2 protein chains.
Amino acid sequence: MSNEIELTHTSHIVLGLISAAGEVSPYDLKQMAAATIGNFWSLPHSQLYAEPARLAGGGYLTERREEHGRRRKLYALTDRGREAHGQWLQVLTPEPYMLRDLALLKLFFGADVQALARVQLQTHRRKLAEYEQLTEQIAEYGPPGPRLALDLGTRHERQTVEFWDENSRD
Amino acid sequence: MSNEIELTHTSHIVLGLISAAGEVSPYDLKQMAAATIGNFWSLPHSQLYAEPARLAGGGYLTERREEHGRRRKLYALTDRGREAHGQWLQVLTPEPYMLRDLALLKLFFGADVQALARVQLQTHRRKLAEYEQLTEQIAEYGPPGPRLALDLGTRHERQTVEFWDENSRD
DNA sequence: AACCATACCATCCGAATCGGATTATGCAAC
DNA sequence: GTTGCATAATCCGATTCGGATGGTATGGTT
């Protein structure tokens with residue numbers, strides 16, 4: 001029940017989501033991830049089924065089944081899990097980010113700027129609009145983390161739109 | 001010599017680098033990647049040894065050995081490789097980027113903003129300085145791709161510095 | 001000539017991740 | 001009572017990760 005397990009980025013995401021939500025099913029995790037961090041950090045939903053099981057094996061989560069209906073698996077933090085999450089939050093992270101942008105890659109390798117720009121412009125305008133709407137909806141009270149993250153995300157999108165816009169002309 | 005092979009992101013990076021450089025060894029690729037796309041797209045150097053071999057197996061590259069010295073493996077594009085690279089450049093990419101930022105993740109999950117900001121500020125100021133220096137060094141003639149990519153990268157860094165700076169106070 | 005420090009260069013491998021195909025389950029409408 | 005849809009979960013082969021490890025040329029020192 002408590003084999004030694006290495007905690008990866010994925011692990012900490014799962015711990016973080018469960019920490020915010022209480023007791024949840026993998027499907028709930030999938031929904032939550034899609035609505036929040038999915039905007040800047042991708043992971044296949046299959047991970048959100050596999051990882052909780054792995055974490056339970058390491059003693060970071062409890063696992064039980066719904067009594068009725070679908071009898072889905074439900075996970076919640078153990079003390080160990082809560083502890084691990086808290087620790088992780090406190091470790092400073094000097095690493096820079098990785099901007100996995102296929103368009104940037106193609107741009108670098110010589111793709112046609114304007115063609116690229118036209119399609120990227122659409123994408124990022126949409127994303128920006130989405131973020132701006134989210135900003136209006138997000139509660140003023142409640143934890144500041146999501147608001148701050150959204151703010152940074154929005155700025156990046158604005159920046160990106162500006163860049164592709166400038167390069168879509170002449 | 002020509003099994004069917006799926007071309008992944010990694011494949012296209014290797015094709016792109018070789019396309020720019022002529023005939024190179026995996027070690028050369030590693031150096032090139034580190035100096036260029038390594039700034040925004042990470043991949044372990046082991047990939048740059050494995051992938052060319054795989055591409056050669058698919059008929060996209062030729063593989064030969066140096067006559068003297070270390071007898072390193074050298075790879076160059078075949079017509080098929082050149083073709084594949086050109087095709088790839090022309091396909092529009094509507095996908096948005098993924099911003100794999102550990103600091104953003106922690107921010108979202110409630111880490112202390114100021115602590116995070118202080119250390120991130122250092123990181124990104126350094127990166128920004130590096131890009132600005134690069135900008136001065138980069139040749140005005142030659143392909144515009146790298147210049148444009150550097151420009152976008154610089155803007156993102158500037159943006160990021162600004163964000164963390166604002167959030168490092170009070 | 002033998003040494004050794006230091007780049008330079010290459011491979012290996014277990015674990016984690018990816019992404020999409022596939023299957024199953026409950027519910028409501030017809 | 002079967003059709004259709006949204007929900008929910010699992011599987012699996014291929015790819016990627018990241019770091020440990022191990023070779024090889026070069027130049028300087030004794």
# chains A, B, ... in the order shown; residues from 1 in each chain; ligands from 1

call {"tool": "interface_residues", "arguments": {"of": "chain C", "to": "chain A", "cutoff": "10 Å", "atoms": "only C-alpha atoms (C1' of nucleotides)", "output": "number ranges by chain"}}
result
C: 15-20, 25-26

call {"tool": "calpha_fit_and_write", "arguments": {"fixed": "chain A", "moving": "chain B", "output": "compact mmCIF listing (two decimals) with N, CA and C atoms, in the first residue's frame"}}
result
# COMPACT_ATOMS: atom_id res chain seq x y z
N MET B 1 0.71 -1.14 -0.20
CA MET B 1 -0.08 0.08 0.01
C MET B 1 0.79 1.33 0.07
N SER B 2 2.08 1.13 0.33
CA SER B 2 2.91 2.32 0.43
C SER B 2 4.30 2.10 -0.14
N ASN B 3 4.33 1.69 -1.39
CA ASN B 3 5.60 1.55 -2.08
C ASN B 3 6.22 2.92 -2.27
N GLU B 4 7.49 2.95 -2.44
CA GLU B 4 8.11 4.25 -2.73
C GLU B 4 7.82 4.64 -4.16
N ILE B 5 7.40 5.88 -4.30
CA ILE B 5 6.94 6.37 -5.60
C ILE B 5 7.59 7.71 -5.86
N GLU B 6 7.98 7.93 -7.09
CA GLU B 6 8.56 9.22 -7.46
C GLU B 6 7.43 10.18 -7.83
N LEU B 7 7.50 11.38 -7.30
CA LEU B 7 6.45 12.34 -7.64
C LEU B 7 6.87 13.17 -8.84
N THR B 8 6.10 13.10 -9.88
CA THR B 8 6.40 13.82 -11.11
C THR B 8 5.53 15.07 -11.20
N HIS B 9 5.70 15.82 -12.27
CA HIS B 9 4.85 16.98 -12.49
C HIS B 9 3.38 16.56 -12.47
N THR B 10 3.12 15.49 -13.18
CA THR B 10 1.75 14.98 -13.24
C THR B 10 1.21 14.69 -11.84
N SER B 11 2.04 14.09 -11.01
CA SER B 11 1.63 13.79 -9.65
C SER B 11 1.17 15.06 -8.94
N HIS B 12 1.98 16.09 -9.06
CA HIS B 12 1.69 17.31 -8.32
C HIS B 12 0.44 18.01 -8.85
N ILE B 13 0.20 17.86 -10.11
CA ILE B 13 -1.02 18.41 -10.67
C ILE B 13 -2.22 17.69 -10.07
N VAL B 14 -2.15 16.39 -10.02
CA VAL B 14 -3.25 15.61 -9.47
C VAL B 14 -3.45 15.95 -7.99
N LEU B 15 -2.35 16.01 -7.25
CA LEU B 15 -2.45 16.38 -5.84
C LEU B 15 -3.08 17.77 -5.70
N GLY B 16 -2.63 18.68 -6.54
CA GLY B 16 -3.15 20.04 -6.48
C GLY B 16 -4.64 20.11 -6.77
N LEU B 17 -5.05 19.40 -7.77
CA LEU B 17 -6.47 19.43 -8.13
C LEU B 17 -7.33 18.82 -7.02
N ILE B 18 -6.87 17.70 -6.50
CA ILE B 18 -7.63 17.05 -5.44
C ILE B 18 -7.65 17.91 -4.19
N SER B 19 -6.53 18.54 -3.94
CA SER B 19 -6.45 19.42 -2.78
C SER B 19 -7.50 20.53 -2.84
N ALA B 20 -7.78 20.98 -4.05
CA ALA B 20 -8.76 22.05 -4.22
C ALA B 20 -10.19 21.55 -4.19
N ALA B 21 -10.37 20.27 -4.45
CA ALA B 21 -11.73 19.78 -4.70
C ALA B 21 -12.29 18.82 -3.67
N GLY B 22 -11.45 18.26 -2.82
CA GLY B 22 -11.93 17.29 -1.87
C GLY B 22 -11.85 15.88 -2.42
N GLU B 23 -12.98 15.20 -2.50
CA GLU B 23 -12.97 13.83 -2.99
C GLU B 23 -13.54 13.77 -4.40
N VAL B 24 -12.75 13.29 -5.33
CA VAL B 24 -13.17 13.33 -6.73
C VAL B 24 -12.86 12.04 -7.49
N SER B 25 -13.57 11.88 -8.58
CA SER B 25 -13.31 10.76 -9.49
C SER B 25 -12.34 11.23 -10.57
N PRO B 26 -11.68 10.30 -11.24
CA PRO B 26 -10.79 10.68 -12.33
C PRO B 26 -11.52 11.54 -13.37
N TYR B 27 -12.74 11.22 -13.59
CA TYR B 27 -13.50 11.99 -14.57
C TYR B 27 -13.63 13.45 -14.11
N ASP B 28 -13.88 13.64 -12.83
CA ASP B 28 -13.92 15.00 -12.30
C ASP B 28 -12.59 15.71 -12.54
N LEU B 29 -11.51 14.99 -12.30
CA LEU B 29 -10.18 15.57 -12.51
C LEU B 29 -10.04 16.03 -13.95
N LYS B 30 -10.49 15.17 -14.83
CA LYS B 30 -10.41 15.48 -16.25
C LYS B 30 -11.15 16.78 -16.56
N GLN B 31 -12.35 16.92 -16.01
CA GLN B 31 -13.12 18.14 -16.23
C GLN B 31 -12.41 19.36 -15.66
N MET B 32 -11.94 19.20 -14.44
CA MET B 32 -11.27 20.32 -13.78
C MET B 32 -10.03 20.75 -14.56
N ALA B 33 -9.24 19.76 -14.93
CA ALA B 33 -8.01 20.06 -15.66
C ALA B 33 -8.32 20.79 -16.96
N ALA B 34 -9.31 20.31 -17.66
CA ALA B 34 -9.67 20.92 -18.94
C ALA B 34 -10.06 22.38 -18.76
N ALA B 35 -10.74 22.67 -17.66
CA ALA B 35 -11.24 24.03 -17.45
C ALA B 35 -10.18 24.98 -16.91
N THR B 36 -9.12 24.42 -16.36
CA THR B 36 -8.15 25.30 -15.70
C THR B 36 -6.76 25.21 -16.32
N ILE B 37 -5.94 24.36 -15.75
CA ILE B 37 -4.56 24.26 -16.22
C ILE B 37 -4.44 23.73 -17.64
N GLY B 38 -5.50 23.08 -18.13
CA GLY B 38 -5.48 22.59 -19.49
C GLY B 38 -5.19 23.69 -20.49
N ASN B 39 -5.43 24.92 -20.07
CA ASN B 39 -5.17 26.05 -20.94
C ASN B 39 -3.69 26.30 -21.20
N PHE B 40 -2.86 25.81 -20.32
CA PHE B 40 -1.43 26.04 -20.57
C PHE B 40 -0.57 24.82 -20.33
N TRP B 41 -1.15 23.78 -19.79
CA TRP B 41 -0.36 22.57 -19.52
C TRP B 41 -1.16 21.37 -19.98
N SER B 42 -0.68 20.74 -21.04
CA SER B 42 -1.45 19.63 -21.59
C SER B 42 -1.08 18.31 -20.95
N LEU B 43 -2.07 17.50 -20.73
CA LEU B 43 -1.81 16.10 -20.41
C LEU B 43 -3.01 15.28 -20.82
N PRO B 44 -2.74 14.10 -21.41
CA PRO B 44 -3.82 13.26 -21.90
C PRO B 44 -4.68 12.78 -20.74
N HIS B 45 -5.97 12.66 -20.99
CA HIS B 45 -6.86 12.29 -19.90
C HIS B 45 -6.53 10.93 -19.32
N SER B 46 -5.91 10.08 -20.15
CA SER B 46 -5.57 8.75 -19.64
C SER B 46 -4.66 8.86 -18.41
N GLN B 47 -3.87 9.91 -18.38
CA GLN B 47 -2.99 10.12 -17.23
C GLN B 47 -3.77 10.36 -15.96
N LEU B 48 -4.92 11.00 -16.12
CA LEU B 48 -5.71 11.35 -14.95
C LEU B 48 -6.47 10.15 -14.40
N TYR B 49 -6.40 9.05 -15.12
CA TYR B 49 -6.92 7.80 -14.59
C TYR B 49 -5.77 7.01 -13.98
N ALA B 50 -4.64 7.01 -14.66
CA ALA B 50 -3.51 6.20 -14.21
C ALA B 50 -2.83 6.79 -12.97
N GLU B 51 -2.68 8.10 -12.97
CA GLU B 51 -1.89 8.72 -11.92
C GLU B 51 -2.50 8.61 -10.52
N PRO B 52 -3.79 8.85 -10.36
CA PRO B 52 -4.37 8.70 -9.02
C PRO B 52 -4.17 7.30 -8.45
N ALA B 53 -4.29 6.31 -9.31
CA ALA B 53 -4.08 4.93 -8.87
C ALA B 53 -2.65 4.77 -8.37
N ARG B 54 -1.72 5.33 -9.12
CA ARG B 54 -0.32 5.25 -8.75
C ARG B 54 -0.08 5.98 -7.41
N LEU B 55 -0.68 7.14 -7.28
CA LEU B 55 -0.52 7.91 -6.05
C LEU B 55 -1.13 7.20 -4.85
N ALA B 56 -2.24 6.54 -5.09
CA ALA B 56 -2.87 5.76 -4.01
C ALA B 56 -1.92 4.65 -3.58
N GLY B 57 -1.27 4.03 -4.55
CA GLY B 57 -0.29 2.99 -4.27
C GLY B 57 0.87 3.50 -3.42
N GLY B 58 1.17 4.77 -3.57
CA GLY B 58 2.28 5.35 -2.81
C GLY B 58 1.84 5.93 -1.48
N GLY B 59 0.54 5.85 -1.18
CA GLY B 59 0.05 6.32 0.10
C GLY B 59 -0.30 7.80 0.13
N TYR B 60 -0.38 8.42 -1.04
CA TYR B 60 -0.69 9.84 -1.07
C TYR B 60 -2.19 10.11 -1.18
N LEU B 61 -2.90 9.11 -1.63
CA LEU B 61 -4.35 9.25 -1.77
C LEU B 61 -5.05 8.03 -1.20
N THR B 62 -6.30 8.24 -0.79
CA THR B 62 -7.14 7.09 -0.47
C THR B 62 -8.01 6.82 -1.68
N GLU B 63 -8.36 5.57 -1.83
CA GLU B 63 -9.21 5.21 -2.96
C GLU B 63 -10.42 4.43 -2.46
N ARG B 64 -11.62 4.87 -2.83
CA ARG B 64 -12.80 4.09 -2.48
C ARG B 64 -13.77 4.12 -3.65
N ARG B 65 -14.81 3.31 -3.56
CA ARG B 65 -15.76 3.26 -4.65
C ARG B 65 -17.10 3.81 -4.21
N GLU B 66 -17.78 4.43 -5.14
CA GLU B 66 -19.14 4.88 -4.86
C GLU B 66 -19.97 3.66 -4.46
N GLU B 67 -20.91 3.90 -3.55
CA GLU B 67 -21.76 2.80 -3.08
C GLU B 67 -22.75 2.38 -4.16
N HIS B 68 -23.32 3.39 -4.80
CA HIS B 68 -24.39 3.11 -5.76
C HIS B 68 -24.04 3.58 -7.16
N GLY B 69 -24.97 3.37 -8.06
CA GLY B 69 -24.79 3.87 -9.42
C GLY B 69 -23.60 3.26 -10.12
N ARG B 70 -22.77 4.10 -10.67
CA ARG B 70 -21.65 3.64 -11.46
C ARG B 70 -20.52 3.05 -10.62
N ARG B 71 -20.61 3.27 -9.35
CA ARG B 71 -19.54 2.80 -8.48
C ARG B 71 -18.17 3.28 -8.97
N ARG B 72 -18.11 4.57 -9.21
CA ARG B 72 -16.85 5.15 -9.68
C ARG B 72 -15.83 5.16 -8.56
N LYS B 73 -14.58 5.22 -8.95
CA LYS B 73 -13.52 5.34 -7.94
C LYS B 73 -13.43 6.79 -7.50
N LEU B 74 -13.27 6.96 -6.21
CA LEU B 74 -13.13 8.31 -5.66
C LEU B 74 -11.82 8.42 -4.89
N TYR B 75 -11.13 9.50 -5.12
CA TYR B 75 -9.84 9.70 -4.47
C TYR B 75 -9.86 10.92 -3.57
N ALA B 76 -9.15 10.82 -2.48
CA ALA B 76 -8.98 11.97 -1.58
C ALA B 76 -7.56 11.96 -1.02
N LEU B 77 -7.11 13.11 -0.57
CA LEU B 77 -5.76 13.22 -0.02
C LEU B 77 -5.62 12.51 1.31
N THR B 78 -4.50 11.87 1.53
CA THR B 78 -4.13 11.42 2.86
C THR B 78 -3.27 12.54 3.46
N ASP B 79 -2.90 12.37 4.72
CA ASP B 79 -2.02 13.37 5.33
C ASP B 79 -0.73 13.48 4.53
N ARG B 80 -0.26 12.33 4.13
CA ARG B 80 0.98 12.29 3.35
C ARG B 80 0.83 13.08 2.05
N GLY B 81 -0.32 12.94 1.42
CA GLY B 81 -0.58 13.66 0.18
C GLY B 81 -0.64 15.16 0.40
N ARG B 82 -1.33 15.55 1.48
CA ARG B 82 -1.46 16.97 1.80
C ARG B 82 -0.08 17.57 2.06
N GLU B 83 0.70 16.81 2.82
CA GLU B 83 2.06 17.21 3.14
C GLU B 83 2.90 17.42 1.87
N ALA B 84 2.84 16.44 0.99
CA ALA B 84 3.63 16.49 -0.25
C ALA B 84 3.22 17.68 -1.10
N HIS B 85 1.94 17.95 -1.14
CA HIS B 85 1.46 19.09 -1.93
C HIS B 85 1.98 20.40 -1.35
N GLY B 86 1.87 20.52 -0.02
CA GLY B 86 2.36 21.73 0.64
C GLY B 86 3.84 21.95 0.42
N GLN B 87 4.60 20.89 0.54
CA GLN B 87 6.05 20.96 0.33
C GLN B 87 6.36 21.48 -1.07
N TRP B 88 5.71 20.87 -2.01
CA TRP B 88 5.93 21.20 -3.42
C TRP B 88 5.68 22.69 -3.67
N LEU B 89 4.61 23.19 -3.08
CA LEU B 89 4.28 24.60 -3.28
C LEU B 89 5.36 25.53 -2.75
N GLN B 90 6.07 25.03 -1.74
CA GLN B 90 7.06 25.90 -1.12
C GLN B 90 8.43 25.89 -1.77
N VAL B 91 8.69 24.86 -2.55
CA VAL B 91 9.98 24.80 -3.22
C VAL B 91 10.04 25.86 -4.32
N LEU B 92 11.05 26.68 -4.26
CA LEU B 92 11.21 27.71 -5.30
C LEU B 92 11.50 27.06 -6.64
N THR B 93 11.03 27.64 -7.70
CA THR B 93 11.28 27.09 -9.03
C THR B 93 11.93 28.13 -9.92
N PRO B 94 13.24 28.03 -10.05
CA PRO B 94 13.96 28.98 -10.89
C PRO B 94 13.90 28.63 -12.38
N GLU B 95 13.42 27.43 -12.73
CA GLU B 95 13.41 27.04 -14.14
C GLU B 95 12.59 28.02 -14.99
N PRO B 96 13.08 28.29 -16.18
CA PRO B 96 12.29 29.09 -17.11
C PRO B 96 11.21 28.18 -17.71
N TYR B 97 10.32 28.77 -18.45
CA TYR B 97 9.27 27.95 -19.06
C TYR B 97 9.71 27.40 -20.40
N MET B 98 8.94 26.45 -20.88
CA MET B 98 9.11 25.96 -22.24
C MET B 98 7.87 26.36 -23.02
N LEU B 99 8.11 27.06 -24.11
CA LEU B 99 6.98 27.51 -24.91
C LEU B 99 6.83 26.59 -26.10
N ARG B 100 6.07 25.53 -25.92
CA ARG B 100 5.95 24.57 -27.02
C ARG B 100 4.98 25.07 -28.07
N ASP B 101 5.53 25.83 -28.98
CA ASP B 101 4.71 26.47 -30.00
C ASP B 101 5.16 26.01 -31.38
N LEU B 102 4.31 25.19 -31.97
CA LEU B 102 4.61 24.62 -33.27
C LEU B 102 4.79 25.72 -34.31
N ALA B 103 4.01 26.77 -34.17
CA ALA B 103 4.09 27.87 -35.13
C ALA B 103 5.44 28.59 -35.01
N LEU B 104 5.90 28.74 -33.81
CA LEU B 104 7.19 29.37 -33.58
C LEU B 104 8.31 28.52 -34.18
N LEU B 105 8.17 27.23 -34.03
CA LEU B 105 9.12 26.29 -34.59
C LEU B 105 9.18 26.45 -36.11
N LYS B 106 8.03 26.48 -36.73
CA LYS B 106 8.00 26.60 -38.19
C LYS B 106 8.51 27.96 -38.63
N LEU B 107 8.17 28.96 -37.88
CA LEU B 107 8.67 30.29 -38.17
C LEU B 107 10.19 30.26 -38.18
N PHE B 108 10.75 29.68 -37.15
CA PHE B 108 12.20 29.58 -37.05
C PHE B 108 12.80 28.90 -38.26
N PHE B 109 12.14 27.83 -38.70
CA PHE B 109 12.70 27.05 -39.80
C PHE B 109 12.34 27.59 -41.18
N GLY B 110 11.74 28.76 -41.20
CA GLY B 110 11.57 29.42 -42.48
C GLY B 110 10.21 29.34 -43.16
N ALA B 111 9.18 28.95 -42.40
CA ALA B 111 7.85 28.92 -43.01
C ALA B 111 7.40 30.33 -43.37
N ASP B 112 6.42 30.43 -44.26
CA ASP B 112 5.91 31.72 -44.71
C ASP B 112 5.24 32.45 -43.55
N VAL B 113 5.78 33.60 -43.21
CA VAL B 113 5.32 34.32 -42.02
C VAL B 113 3.86 34.70 -42.10
N GLN B 114 3.48 35.25 -43.24
CA GLN B 114 2.11 35.76 -43.33
C GLN B 114 1.07 34.66 -43.28
N ALA B 115 1.37 33.56 -43.96
CA ALA B 115 0.43 32.44 -43.93
C ALA B 115 0.26 31.94 -42.50
N LEU B 116 1.39 31.80 -41.84
CA LEU B 116 1.41 31.36 -40.45
C LEU B 116 0.63 32.36 -39.59
N ALA B 117 0.92 33.63 -39.82
CA ALA B 117 0.33 34.69 -39.02
C ALA B 117 -1.19 34.70 -39.13
N ARG B 118 -1.68 34.54 -40.34
CA ARG B 118 -3.13 34.61 -40.52
C ARG B 118 -3.85 33.57 -39.67
N VAL B 119 -3.34 32.36 -39.71
CA VAL B 119 -4.04 31.30 -38.98
C VAL B 119 -3.79 31.38 -37.47
N GLN B 120 -2.60 31.78 -37.09
CA GLN B 120 -2.29 31.91 -35.67
C GLN B 120 -3.07 33.07 -35.04
N LEU B 121 -3.26 34.08 -35.84
CA LEU B 121 -4.00 35.25 -35.36
C LEU B 121 -5.40 34.85 -34.92
N GLN B 122 -6.04 34.07 -35.75
CA GLN B 122 -7.38 33.57 -35.41
C GLN B 122 -7.36 32.81 -34.10
N THR B 123 -6.47 31.85 -34.05
CA THR B 123 -6.35 31.01 -32.86
C THR B 123 -6.20 31.84 -31.59
N HIS B 124 -5.26 32.78 -31.63
CA HIS B 124 -4.94 33.51 -30.42
C HIS B 124 -5.96 34.60 -30.09
N ARG B 125 -6.60 35.12 -31.10
CA ARG B 125 -7.68 36.07 -30.82
C ARG B 125 -8.81 35.36 -30.07
N ARG B 126 -9.09 34.14 -30.52
CA ARG B 126 -10.14 33.35 -29.89
C ARG B 126 -9.77 33.07 -28.43
N LYS B 127 -8.54 32.65 -28.25
CA LYS B 127 -8.05 32.33 -26.91
C LYS B 127 -8.10 33.55 -26.00
N LEU B 128 -7.69 34.67 -26.55
CA LEU B 128 -7.69 35.90 -25.78
C LEU B 128 -9.10 36.27 -25.35
N ALA B 129 -10.04 36.16 -26.28
CA ALA B 129 -11.44 36.47 -25.98
C ALA B 129 -11.95 35.57 -24.85
N GLU B 130 -11.58 34.30 -24.96
CA GLU B 130 -11.97 33.32 -23.96
C GLU B 130 -11.45 33.71 -22.58
N TYR B 131 -10.19 34.10 -22.53
CA TYR B 131 -9.58 34.50 -21.27
C TYR B 131 -10.24 35.77 -20.71
N GLU B 132 -10.55 36.68 -21.61
CA GLU B 132 -11.15 37.93 -21.13
C GLU B 132 -12.53 37.67 -20.54
N GLN B 133 -13.23 36.74 -21.16
CA GLN B 133 -14.54 36.38 -20.63
C GLN B 133 -14.39 35.70 -19.26
N LEU B 134 -13.42 34.81 -19.21
CA LEU B 134 -13.13 34.12 -17.95
C LEU B 134 -12.81 35.11 -16.84
N THR B 135 -12.07 36.11 -17.20
CA THR B 135 -11.67 37.12 -16.23
C THR B 135 -12.87 37.81 -15.61
N GLU B 136 -13.88 38.04 -16.43
CA GLU B 136 -15.08 38.68 -15.90
C GLU B 136 -15.86 37.75 -14.97
N GLN B 137 -15.82 36.46 -15.32
CA GLN B 137 -16.59 35.50 -14.54
C GLN B 137 -15.95 35.13 -13.21
N ILE B 138 -14.62 35.17 -13.19
CA ILE B 138 -13.91 34.66 -12.02
C ILE B 138 -14.19 35.52 -10.79
N ALA B 139 -14.43 34.84 -9.69
CA ALA B 139 -14.80 35.53 -8.45
C ALA B 139 -13.66 36.36 -7.89
N GLU B 140 -14.00 37.48 -7.32
CA GLU B 140 -13.00 38.39 -6.75
C GLU B 140 -12.48 37.85 -5.43
N TYR B 141 -13.37 37.21 -4.72
CA TYR B 141 -12.94 36.57 -3.48
C TYR B 141 -12.41 35.21 -3.89
N GLY B 142 -12.10 34.39 -2.93
CA GLY B 142 -11.51 33.10 -3.28
C GLY B 142 -10.04 33.29 -3.51
N PRO B 143 -9.31 32.18 -3.69
CA PRO B 143 -7.86 32.22 -3.79
C PRO B 143 -7.39 33.04 -4.99
N PRO B 144 -6.29 33.76 -4.80
CA PRO B 144 -5.78 34.62 -5.87
C PRO B 144 -5.02 33.85 -6.95
N GLY B 145 -4.58 32.65 -6.65
CA GLY B 145 -3.77 31.88 -7.60
C GLY B 145 -4.35 31.83 -9.00
N PRO B 146 -5.54 31.28 -9.14
CA PRO B 146 -6.14 31.18 -10.47
C PRO B 146 -6.26 32.53 -11.17
N ARG B 147 -6.58 33.58 -10.40
CA ARG B 147 -6.70 34.91 -11.01
C ARG B 147 -5.36 35.38 -11.57
N LEU B 148 -4.31 35.20 -10.77
CA LEU B 148 -2.98 35.61 -11.21
C LEU B 148 -2.53 34.82 -12.44
N ALA B 149 -2.77 33.53 -12.39
CA ALA B 149 -2.39 32.67 -13.52
C ALA B 149 -3.13 33.13 -14.78
N LEU B 150 -4.41 33.41 -14.60
CA LEU B 150 -5.20 33.87 -15.74
C LEU B 150 -4.68 35.19 -16.26
N ASP B 151 -4.26 36.03 -15.36
CA ASP B 151 -3.71 37.33 -15.75
C ASP B 151 -2.46 37.15 -16.62
N LEU B 152 -1.56 36.32 -16.14
CA LEU B 152 -0.34 36.09 -16.93
C LEU B 152 -0.68 35.48 -18.28
N GLY B 153 -1.58 34.51 -18.26
CA GLY B 153 -2.00 33.88 -19.52
C GLY B 153 -2.57 34.89 -20.49
N THR B 154 -3.37 35.79 -19.97
CA THR B 154 -4.00 36.80 -20.82
C THR B 154 -2.95 37.72 -21.44
N ARG B 155 -2.00 38.12 -20.63
CA ARG B 155 -0.95 38.99 -21.15
C ARG B 155 -0.18 38.31 -22.27
N HIS B 156 0.14 37.04 -22.06
CA HIS B 156 0.86 36.31 -23.09
C HIS B 156 0.05 36.26 -24.38
N GLU B 157 -1.23 36.04 -24.24
CA GLU B 157 -2.07 35.95 -25.44
C GLU B 157 -2.14 37.30 -26.15
N ARG B 158 -2.27 38.34 -25.37
CA ARG B 158 -2.33 39.68 -25.95
C ARG B 158 -1.06 39.97 -26.75
N GLN B 159 0.04 39.64 -26.12
CA GLN B 159 1.35 39.78 -26.73
C GLN B 159 1.44 39.03 -28.06
N THR B 160 0.97 37.80 -28.00
CA THR B 160 1.05 36.93 -29.17
C THR B 160 0.18 37.45 -30.30
N VAL B 161 -1.01 37.89 -29.96
CA VAL B 161 -1.89 38.46 -30.97
C VAL B 161 -1.21 39.64 -31.63
N GLU B 162 -0.63 40.48 -30.82
CA GLU B 162 0.05 41.66 -31.35
C GLU B 162 1.16 41.26 -32.33
N PHE B 163 1.94 40.30 -31.93
CA PHE B 163 3.04 39.85 -32.78
C PHE B 163 2.55 39.34 -34.13
N TRP B 164 1.60 38.44 -34.09
CA TRP B 164 1.13 37.86 -35.36
C TRP B 164 0.39 38.90 -36.19
N ASP B 165 -0.25 39.81 -35.51
CA ASP B 165 -0.96 40.86 -36.23
C ASP B 165 0.03 41.71 -37.01
N GLU B 166 1.07 42.15 -36.33
CA GLU B 166 2.10 42.95 -37.01
C GLU B 166 2.70 42.22 -38.20
N ASN B 167 2.84 40.92 -38.04
CA ASN B 167 3.49 40.15 -39.10
C ASN B 167 2.54 39.56 -40.13
N SER B 168 1.28 39.89 -40.03
CA SER B 168 0.33 39.35 -41.01
C SER B 168 0.19 40.29 -42.20
N ARG B 169 0.68 41.51 -42.03
CA ARG B 169 0.54 42.51 -43.10
C ARG B 169 1.79 42.62 -43.97
N ASP B 170 1.69 43.40 -45.00
CA ASP B 170 2.71 43.67 -46.03
C ASP B 170 3.65 42.52 -46.38

call {"tool": "residues_around", "arguments": {"residues": "region 1-4 of chain D", "least_positions_apart": "2", "cutoff": "10 Å", "atoms": "only C-alpha atoms (C1' of nucleotides)", "output": "list in words"}}
result
DA28, DA29 and DC30 of chain C; DA6 of chain D

call {"tool": "write_last_selection", "arguments": {"atoms": "N, CA and C atoms (P, O5', C5', C4', C3', O3' and C1' of nucleotides)", "output": "mmCIF file, in the first residue's frame"}}
result
data_model
loop_
_atom_site.group_PDB
_atom_site.id
_atom_site.type_symbol
_atom_site.label_atom_id
_atom_site.label_comp_id
_atom_site.auth_asym_id
_atom_site.auth_seq_id
_atom_site.Cartn_x
_atom_site.Cartn_y
_atom_site.Cartn_z
ATOM 1 P P DA C 28 -32.868 10.733 -16.362
ATOM 2 O "O5'" DA C 28 -33.460 11.341 -17.711
ATOM 3 C "C5'" DA C 28 -32.560 11.894 -18.679
ATOM 4 C "C4'" DA C 28 -33.161 11.729 -20.058
ATOM 5 C "C3'" DA C 28 -34.689 11.822 -20.085
ATOM 6 O "O3'" DA C 28 -35.056 12.700 -21.143
ATOM 7 C "C1'" DA C 28 -33.983 9.856 -21.172
ATOM 8 P P DA C 29 -36.561 13.161 -21.363
ATOM 9 O "O5'" DA C 29 -36.767 12.812 -22.898
ATOM 10 C "C5'" DA C 29 -35.636 12.797 -23.788
ATOM 11 C "C4'" DA C 29 -36.016 12.025 -25.037
ATOM 12 C "C3'" DA C 29 -37.502 12.126 -25.396
ATOM 13 O "O3'" DA C 29 -37.638 12.230 -26.807
ATOM 14 C "C1'" DA C 29 -36.924 9.859 -25.111
ATOM 15 P P DC C 30 -39.035 12.683 -27.434
ATOM 16 O "O5'" DC C 30 -39.258 11.638 -28.607
ATOM 17 C "C5'" DC C 30 -38.168 10.867 -29.141
ATOM 18 C "C4'" DC C 30 -38.646 9.464 -29.459
ATOM 19 C "C3'" DC C 30 -40.111 9.382 -29.890
ATOM 20 O "O3'" DC C 30 -40.188 8.960 -31.255
ATOM 21 C "C1'" DC C 30 -39.580 7.676 -28.317
ATOM 22 P P DA D 6 -24.655 14.445 -26.915
ATOM 23 O "O5'" DA D 6 -24.169 14.477 -25.406
ATOM 24 C "C5'" DA D 6 -25.119 14.692 -24.372
ATOM 25 C "C4'" DA D 6 -24.632 14.003 -23.125
ATOM 26 C "C3'" DA D 6 -23.191 14.371 -22.753
ATOM 27 O "O3'" DA D 6 -23.181 14.748 -21.393
ATOM 28 C "C1'" DA D 6 -23.445 12.008 -22.809
#
